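So this one's my_file-v2.pdb, PDB, C-alpha atoms and all ligand atoms:
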```pdb
ATOM      1  CA  MET A   1       0.000   0.000   0.000  1.00  0.00           C
ATOM      2  CA  LYS A   2       2.784   2.380   0.932  1.00  0.00           C
ATOM      3  CA  ALA A   3       4.620   1.714  -2.330  1.00  0.00           C
ATOM      4  CA  SER A   4       1.557   2.611  -4.424  1.00  0.00           C
ATOM      5  CA  THR A   5       1.117   5.887  -2.529  1.00  0.00           C
ATOM      6  CA  GLU A   6       4.740   6.785  -3.175  1.00  0.00           C
ATOM      7  CA  ASN A   7       4.280   5.905  -6.822  1.00  0.00           C
ATOM      8  CA  ASN A   8       1.272   8.218  -7.069  1.00  0.00           C
ATOM      9  CA  ASN A   9       3.176  11.078  -5.490  1.00  0.00           C
ATOM     10  CA  ARG A  10       6.034  10.859  -7.973  1.00  0.00           C
ATOM     11  CA  LYS A  11       5.715  13.451 -10.729  1.00  0.00           C
ATOM     12  CA  THR A  12       5.799  12.266 -14.328  1.00  0.00           C
ATOM     13  CA  SER A  13       8.149  14.237 -16.575  1.00  0.00           C
ATOM     14  CA  GLN A  14       6.628  16.106 -19.494  1.00  0.00           C
ATOM     15  CA  PHE A  15       8.894  14.347 -21.983  1.00  0.00           C
ATOM     16  CA  TYR A  16       7.903  10.904 -20.723  1.00  0.00           C
ATOM     17  CA  ALA A  17       4.215  11.815 -20.790  1.00  0.00           C
ATOM     18  CA  LEU A  18       4.462  13.248 -24.316  1.00  0.00           C
ATOM     19  CA  VAL A  19       6.379  10.268 -25.729  1.00  0.00           C
ATOM     20  CA  HIS A  20       3.967   7.813 -24.128  1.00  0.00           C
ATOM     21  CA  SER A  21       0.960   9.927 -25.261  1.00  0.00           C
ATOM     22  CA  LYS A  22      -0.444  10.587 -21.825  1.00  0.00           C
ATOM     23  CA  CYS A  23      -2.972  13.258 -20.902  1.00  0.00           C
ATOM     24  CA  PRO A  24      -1.321  16.720 -20.579  1.00  0.00           C
ATOM     25  CA  ARG A  25      -3.191  17.546 -17.352  1.00  0.00           C
ATOM     26  CA  CYS A  26      -2.679  14.422 -15.231  1.00  0.00           C
ATOM     27  CA  ARG A  27       0.062  12.668 -17.263  1.00  0.00           C
ATOM     28  CA  ARG A  28      -1.578   9.336 -16.362  1.00  0.00           C
ATOM     29  CA  GLY A  29      -4.489   8.645 -18.701  1.00  0.00           C
ATOM     30  CA  ASP A  30      -3.895   7.586 -22.292  1.00  0.00           C
ATOM     31  CA  VAL A  31      -4.874  10.031 -25.048  1.00  0.00           C
ATOM     32  CA  PHE A  32      -5.148   7.260 -27.645  1.00  0.00           C
ATOM     33  CA  GLN A  33      -7.006   3.970 -27.295  1.00  0.00           C
ATOM     34  CA  ASN A  34      -4.675   1.848 -29.434  1.00  0.00           C
ATOM     35  CA  SER A  35      -1.079   1.741 -30.571  1.00  0.00           C
ATOM     36  CA  MET A  36       0.502   4.013 -33.180  1.00  0.00           C
ATOM     37  CA  TYR A  37       1.253   1.251 -35.694  1.00  0.00           C
ATOM     38  CA  GLY A  38      -1.383  -1.440 -35.949  1.00  0.00           C
ATOM     39  CA  PHE A  39      -4.042  -2.858 -38.204  1.00  0.00           C
ATOM     40  CA  LYS A  40      -6.727  -0.606 -36.757  1.00  0.00           C
ATOM     41  CA  SER A  41      -6.624   3.156 -37.265  1.00  0.00           C
ATOM     42  CA  GLN A  42      -5.702   5.216 -34.241  1.00  0.00           C
ATOM     43  CA  LYS A  43      -8.619   6.223 -32.084  1.00  0.00           C
ATOM     44  CA  MET A  44      -8.542   9.003 -29.514  1.00  0.00           C
ATOM     45  CA  ASN A  45     -10.336   8.879 -26.209  1.00  0.00           C
ATOM     46  CA  ASP A  46     -12.949  11.644 -25.940  1.00  0.00           C
ATOM     47  CA  ASN A  47     -12.043  12.231 -22.324  1.00  0.00           C
ATOM     48  CA  CYS A  48      -9.011  11.338 -20.255  1.00  0.00           C
ATOM     49  CA  PRO A  49      -9.679   7.962 -18.598  1.00  0.00           C
ATOM     50  CA  HIS A  50      -7.891   9.197 -15.474  1.00  0.00           C
ATOM     51  CA  CYS A  51      -8.912  12.833 -14.845  1.00  0.00           C
ATOM     52  CA  ASN A  52     -11.804  13.140 -17.339  1.00  0.00           C
ATOM     53  CA  LEU A  53     -10.259  16.080 -19.241  1.00  0.00           C
ATOM     54  CA  LYS A  54     -12.084  16.603 -22.551  1.00  0.00           C
ATOM     55  CA  PHE A  55      -9.343  16.444 -25.195  1.00  0.00           C
ATOM     56  CA  GLU A  56     -11.276  18.252 -27.939  1.00  0.00           C
ATOM     57  CA  ARG A  57     -11.296  21.626 -26.227  1.00  0.00           C
ATOM     58  CA  GLU A  58     -13.730  23.207 -28.682  1.00  0.00           C
ATOM     59  CA  PRO A  59     -15.391  22.109 -31.950  1.00  0.00           C
ATOM     60  CA  GLY A  60     -12.766  21.723 -34.680  1.00  0.00           C
ATOM     61  CA  TYR A  61      -9.955  21.998 -32.166  1.00  0.00           C
ATOM     62  CA  PHE A  62      -7.804  19.361 -33.842  1.00  0.00           C
ATOM     63  CA  TYR A  63      -7.809  21.133 -37.219  1.00  0.00           C
ATOM     64  CA  VAL A  64      -4.936  23.180 -35.805  1.00  0.00           C
ATOM     65  CA  ALA A  65      -2.960  19.923 -35.493  1.00  0.00           C
ATOM     66  CA  MET A  66      -2.832  19.887 -39.296  1.00  0.00           C
ATOM     67  CA  PHE A  67      -0.392  22.816 -39.202  1.00  0.00           C
ATOM     68  CA  VAL A  68       1.862  20.931 -36.805  1.00  0.00           C
ATOM     69  CA  SER A  69       1.555  17.845 -38.984  1.00  0.00           C
ATOM     70  CA  TYR A  70       2.468  19.928 -42.039  1.00  0.00           C
ATOM     71  CA  GLY A  71       5.588  21.138 -40.242  1.00  0.00           C
ATOM     72  CA  PHE A  72       6.517  17.557 -39.370  1.00  0.00           C
ATOM     73  CA  ASN A  73       5.994  16.518 -42.997  1.00  0.00           C
ATOM     74  CA  VAL A  74       8.190  19.260 -44.423  1.00  0.00           C
ATOM     75  CA  LEU A  75      10.976  18.479 -41.952  1.00  0.00           C
ATOM     76  CA  GLN A  76      10.791  14.749 -42.671  1.00  0.00           C
ATOM     77  CA  MET A  77      10.851  15.307 -46.437  1.00  0.00           C
ATOM     78  CA  ILE A  78      13.882  17.600 -46.185  1.00  0.00           C
ATOM     79  CA  LEU A  79      15.677  15.137 -43.901  1.00  0.00           C
ATOM     80  CA  ALA A  80      14.856  12.161 -46.155  1.00  0.00           C
ATOM     81  CA  GLY A  81      16.115  14.115 -49.165  1.00  0.00           C
ATOM     82  CA  LEU A  82      19.310  15.174 -47.377  1.00  0.00           C
ATOM     83  CA  VAL A  83      20.051  11.651 -46.151  1.00  0.00           C
ATOM     84  CA  THR A  84      19.454  10.299 -49.650  1.00  0.00           C
ATOM     85  CA  TYR A  85      21.826  12.878 -51.079  1.00  0.00           C
ATOM     86  CA  LEU A  86      24.505  12.200 -48.472  1.00  0.00           C
ATOM     87  CA  ILE A  87      24.316   8.419 -48.907  1.00  0.00           C
ATOM     88  CA  THR A  88      24.115   8.259 -52.704  1.00  0.00           C
ATOM     89  CA  GLY A  89      25.698  11.549 -53.750  1.00  0.00           C
ATOM     90  CA  ASN A  90      23.152  11.625 -56.573  1.00  0.00           C
ATOM     91  CA  THR A  91      21.938  15.073 -57.571  1.00  0.00           C
ATOM     92  CA  THR A  92      20.493  14.390 -61.005  1.00  0.00           C
ATOM     93  CA  ASN A  93      17.864  11.656 -60.706  1.00  0.00           C
ATOM     94  CA  PRO A  94      14.571  12.958 -59.239  1.00  0.00           C
ATOM     95  CA  TRP A  95      13.053   9.446 -59.181  1.00  0.00           C
ATOM     96  CA  LEU A  96      15.560   8.378 -56.567  1.00  0.00           C
ATOM     97  CA  TYR A  97      14.318  11.142 -54.269  1.00  0.00           C
ATOM     98  CA  MET A  98      10.686  10.340 -55.053  1.00  0.00           C
ATOM     99  CA  ALA A  99      11.303   6.662 -54.277  1.00  0.00           C
ATOM    100  CA  VAL A 100      12.724   7.562 -50.852  1.00  0.00           C
ATOM    101  CA  ILE A 101      10.618  10.556 -49.796  1.00  0.00           C
ATOM    102  CA  PHE A 102       7.169   9.233 -50.724  1.00  0.00           C
ATOM    103  CA  PRO A 103       7.392   5.946 -48.740  1.00  0.00           C
ATOM    104  CA  ALA A 104       8.992   7.828 -45.829  1.00  0.00           C
ATOM    105  CA  VAL A 105       6.013  10.197 -45.662  1.00  0.00           C
ATOM    106  CA  VAL A 106       3.526   7.314 -45.835  1.00  0.00           C
ATOM    107  CA  ILE A 107       5.353   5.306 -43.172  1.00  0.00           C
ATOM    108  CA  LEU A 108       5.618   8.306 -40.838  1.00  0.00           C
ATOM    109  CA  SER A 109       2.003   9.471 -41.232  1.00  0.00           C
ATOM    110  CA  PRO A 110       0.684   7.605 -38.124  1.00  0.00           C
ATOM    111  CA  PHE A 111       3.520   9.187 -36.141  1.00  0.00           C
ATOM    112  CA  ASN A 112       2.609  12.644 -37.473  1.00  0.00           C
ATOM    113  CA  TYR A 113      -1.077  12.135 -36.735  1.00  0.00           C
ATOM    114  CA  ARG A 114      -0.406  11.186 -33.131  1.00  0.00           C
ATOM    115  CA  TYR A 115       2.354  13.624 -32.234  1.00  0.00           C
ATOM    116  CA  SER A 116       0.842  16.641 -34.010  1.00  0.00           C
ATOM    117  CA  ARG A 117      -2.193  16.286 -31.748  1.00  0.00           C
ATOM    118  CA  LEU A 118      -0.055  15.728 -28.684  1.00  0.00           C
ATOM    119  CA  ILE A 119       2.119  18.774 -29.444  1.00  0.00           C
ATOM    120  CA  LEU A 120      -1.038  20.824 -29.892  1.00  0.00           C
ATOM    121  CA  LEU A 121      -2.302  19.644 -26.503  1.00  0.00           C
ATOM    122  CA  TYR A 122       1.035  20.060 -24.715  1.00  0.00           C
ATOM    123  CA  TYR A 123       2.522  23.239 -26.141  1.00  0.00           C
ATOM    124  CA  LEU A 124      -0.038  25.159 -28.191  1.00  0.00           C
ATOM    125  CA  THR A 125      -3.032  25.196 -25.856  1.00  0.00           C
ATOM    126  CA  PRO A 126      -3.066  28.101 -23.423  1.00  0.00           C
ATOM    127  CA  GLY A 127      -4.473  27.249 -20.010  1.00  0.00           C
ATOM    128  CA  LEU A 128      -3.911  23.519 -20.302  1.00  0.00           C
ATOM    129  CA  ASN A 129      -1.163  22.724 -17.837  1.00  0.00           C
ATOM    130  CA  TYR A 130       0.077  19.839 -15.754  1.00  0.00           C
ATOM    131  CA  VAL A 131      -1.832  19.582 -12.491  1.00  0.00           C
ATOM    132  CA  PRO A 132       0.174  17.175 -10.305  1.00  0.00           C
ATOM    133  CA  GLU A 133      -2.756  16.736  -7.904  1.00  0.00           C
ATOM    134  CA  MET A 134      -4.725  15.241 -10.801  1.00  0.00           C
ATOM    135  CA  SER A 135      -2.199  12.434 -11.259  1.00  0.00           C
ATOM    136  CA  GLY A 136      -2.967  10.929  -7.876  1.00  0.00           C
ATOM    137  CA  ASP A 137      -5.363   8.174  -6.973  1.00  0.00           C
ATOM    138  CA  ARG A 138      -8.418   8.169  -9.215  1.00  0.00           C
ATOM    139  CA  LYS A 139     -10.857   7.725  -6.304  1.00  0.00           C
ATOM    140  CA  LEU A 140      -9.547  10.872  -4.646  1.00  0.00           C
ATOM    141  CA  ILE A 141     -10.037  12.874  -7.852  1.00  0.00           C
ATOM    142  CA  GLU A 142     -13.616  11.649  -8.204  1.00  0.00           C
ATOM    143  CA  LYS A 143     -14.285  12.549  -4.568  1.00  0.00           C
ATOM    144  CA  ARG A 144     -12.987  16.084  -5.189  1.00  0.00           C
ATOM    145  CA  ARG A 145     -15.269  16.633  -8.180  1.00  0.00           C
TER     146      ARG A 145
HETATM  147 ZN    ZN B 201      -5.895  13.256 -17.522  1.00  0.00          ZN
END
```

Take the structure in the file and give it back as structure tokens.
Ligand SMILES: [Zn+2]
Amino acid sequence: MKASTENNNRKTSQFYALVHSKCPRCRRGDVFQNSMYGFKSQKMNDNCPHCNLKFEREPGYFYVAMFVSYGFNVLQMILAGLVTYLITGNTTNPWLYMAVIFPAVVILSPFNYRYSRLILLYYLTPGLNYVPEMSGDRKLIEKRR
């Protein structure tokens, strides 16, 4: 019993919570219901299973994640092109770049989908901050409500 209390009191780092796609307020509940790469498409929870935060802050909230996703895409395309150039030294054949960049974008699209939304929740939403008290025991949070 004592060990679980200590575990609940330990703060989760923002980096850990972001990488493991945890809720930005309590850093305990999962934002997504399934894994990033799988046969089913990724599905978001409507509310945090731990602290009941509504992830879609307002109607159309996640449209803004498209801009983050666009940024990710541009960076990944530039990096894929640079790596291709550095490895092959080829500057004349555009099909080589197409053959590398297009699959890279397709393979990374689930990553972009997930982390563009998480970056929106973590860094681009004013007023949505980590509340360490929310990461405690779920029964205590429900009692406080
Ligand atoms: Zn939460």

Taking only residues of chain A that have an atom at most 8 Å from an atom of ligand ZN 201 (chain B), what is each one's shortest atom pair and its distance in Å to one decimal, using all atoms listed in the file, in chain and number order, as a Markdown table?
```
| residue | atom | partner | partner_atom | distance |
| --- | --- | --- | --- | --- |
| A:Lys22 | CA | B:ZN201 | ZN | 7.4 |
| A:Cys23 | CA | B:ZN201 | ZN | 4.5 |
| A:Pro24 | CA | B:ZN201 | ZN | 6.5 |
| A:Arg25 | CA | B:ZN201 | ZN | 5.1 |
| A:Cys26 | CA | B:ZN201 | ZN | 4.1 |
| A:Arg27 | CA | B:ZN201 | ZN | 6.0 |
| A:Arg28 | CA | B:ZN201 | ZN | 5.9 |
| A:Gly29 | CA | B:ZN201 | ZN | 5.0 |
| A:Asp30 | CA | B:ZN201 | ZN | 7.7 |
| A:Asn47 | CA | B:ZN201 | ZN | 7.9 |
| A:Cys48 | CA | B:ZN201 | ZN | 4.6 |
| A:Pro49 | CA | B:ZN201 | ZN | 6.6 |
| A:His50 | CA | B:ZN201 | ZN | 5.0 |
| A:Cys51 | CA | B:ZN201 | ZN | 4.1 |
| A:Asn52 | CA | B:ZN201 | ZN | 5.9 |
| A:Leu53 | CA | B:ZN201 | ZN | 5.5 |
| A:Met134 | CA | B:ZN201 | ZN | 7.1 |
| A:Ser135 | CA | B:ZN201 | ZN | 7.3 |
```

Ground truth for the PyMOL selection byres (((chain A and resi 11) around 12) and not hetatm), written as a PyMOL selection string: chain A and resi 6-10+12-17+25-28+130-136

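Taking CA of Phe39 (chain A) and CA of Leu79 (chain A) as endpoints, the distance between them is 27.3 Å.
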
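Restricting the calculation to all atoms listed in the file, the smallest distance between Ser41 (chain A) and any of A:Phe111, A:Tyr123, A:Tyr85, A:Tyr61 is found for A:Phe111.
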
Contacts of Ile87 (chain A) within 12 Å, all atoms listed in the file, excl. fewer than 5 positions in-chain, as an MDAnalysis selection string: chainID A and resid 80:82 96:97 100

Among the residues A:Gln42, A:Tyr113, A:Trp95, A:Val105, the one that comes closest to Ser69 (chain A) [using only C-alpha atoms]: A:Tyr113

CA of Val31 (chain A) to CA of Gly71 (chain A), straight-line distance in Å: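 Value for the CA of Gly71 (chain A)-CA of Val31 (chain A) distance: 21.5 Å.
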
One-decimal distance in Å that lies between CA of Asn129 (chain A) and CA of Leu108 (chain A):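 Pair CA of Leu108 (chain A) / CA of Asn129 (chain A) returns 28.0 Å.
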
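Distance annotation: of A:Pro126, A:Asp137, A:Leu120, A:Gly89, the residue with the minimal separation from Met66 (chain A) is A:Leu120; atom set is all atoms listed in the file.
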
Residue contacts of Ser116 (chain A) (9 Å, only C-alpha atoms) excluding same-chain residues fewer than 6 positions away, as a PyMOL selection string: chain A and resi 64-70+72

Nearest to Arg114 (chain A) by atom-to-atom distance, counting only C-alpha atoms, from A:Pro94, A:Leu128, A:Met36, A:His20: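 Closest residue, counting only C-alpha atoms: A:Met36.
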
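Restricting the calculation to only C-alpha atoms, the smallest distance between Pro110 (chain A) and any of A:Phe32, A:Tyr37, A:Phe62, A:Phe55 is found for A:Tyr37.
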
Residue nearest Leu18 (chain A) among A:Thr125, A:Glu56, A:Thr84, A:Leu118 (counting only C-alpha atoms):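 Ranking A:Thr125, A:Glu56, A:Thr84, A:Leu118 by distance to Leu18 (chain A), first place goes to A:Leu118.
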